[in-house]
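Input: a single structure, listed below in structure tokens.
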Amino acid sequence: MRFHSNMKAAPMPQKDMRLISKPPADAIVLEPAQGTSAIDGQGDTTYRCGSCKTRLLSNVSHMDVFHGEPFDAVKCPKCGRYNAVPDEDHHHH
């Protein structure tokens, strides 16, 4: 059975993360290995490096990002820049 390309799933949102300067020594920084994501979730949003567009958080949900393991920044394995989740994605209750 051939897979028809017109049966693609709806595109998942891709968001660019916010570039930040190097976090303080006590910050929680996720450092994924080259070719991997810091978090692979079951959600529908992918966050990319704000500089080189490498995927850093893949298929994550709000719960994965904000209510899972806490972190302050993600270091891009490709370009070495530090990224944070965009401010507008923080939903404080």
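Residues in the structure tokens are named by chain (A, B, ... in the order shown) and by number from 1 within that chain; ligands are numbered from 1 in the order shown.
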
- Who sits within 9 Å of Tyr82 in chain A, only C-alpha atoms, same chain under 6 positions skipped, as a ChimeraX atom specification: /A:18-23,29,49-50,73-76

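The residues of range 25-85 of chain A that DSSP classifies as alpha helix (DSSP H), using the backbone of this structure, are His62, Met63, Asp64, Val65, Phe66 and His67 of chain A.
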
Output file for the selection above: C-alpha atoms, as a short mmCIF file (atom, residue, chain, number, x, y, z; two decimals), in the first residue's frame:
```
data_model
loop_
_atom_site.label_atom_id
_atom_site.label_comp_id
_atom_site.auth_asym_id
_atom_site.auth_seq_id
_atom_site.Cartn_x
_atom_site.Cartn_y
_atom_site.Cartn_z
CA HIS A 62 2.13 23.13 27.86
CA MET A 63 2.29 20.47 30.61
CA ASP A 64 5.65 19.16 29.34
CA VAL A 65 7.22 22.61 29.27
CA PHE A 66 5.76 24.29 32.34
CA HIS A 67 4.71 21.50 34.68
#
```

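The closest residue to Thr54 in chain A, picked from A:Leu30, A:Gly41, A:Asn83, A:Met12 and counting only C-alpha atoms, is A:Asn83.
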
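Between Pro24 in chain A and the candidates A:Asp72, A:Asn59, A:Gln42, A:Arg48, the tightest atom-to-atom separation, counting only C-alpha atoms, involves A:Asp72.
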
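Here the residues within range 22-77 of chain A that DSSP labels strand (DSSP E or B) on the basis of the backbone are Val29, Leu30, Ile39, Asp40, Thr45, Thr46, Tyr47, Arg48, Arg55, Leu56, Leu57, Ser58, Asn59, Val60, Ala73, Val74 and Lys75 of chain A.
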
Which residues, written as a tab-separated table (two decimals) with C-alpha atoms, in the first residue's frame, have at least one atom at most 6 Å from range 34-40 of chain A, with only C-alpha atoms counted and residues fewer than 2 positions away on the same chain left out?
```
chain	number	residue	atom	x	y	z
A	32	PRO	CA	20.71	18.02	24.50
A	56	LEU	CA	15.18	21.97	20.93
A	57	LEU	CA	11.80	20.94	22.37
A	58	SER	CA	10.00	18.51	20.10
A	77	PRO	CA	23.76	21.66	20.59
```

- Item | Close residues, Pro13 in chain A itself excluded, 10 Å, only C-alpha atoms, min 5 positions apart in chain, as a count of residues only | 5
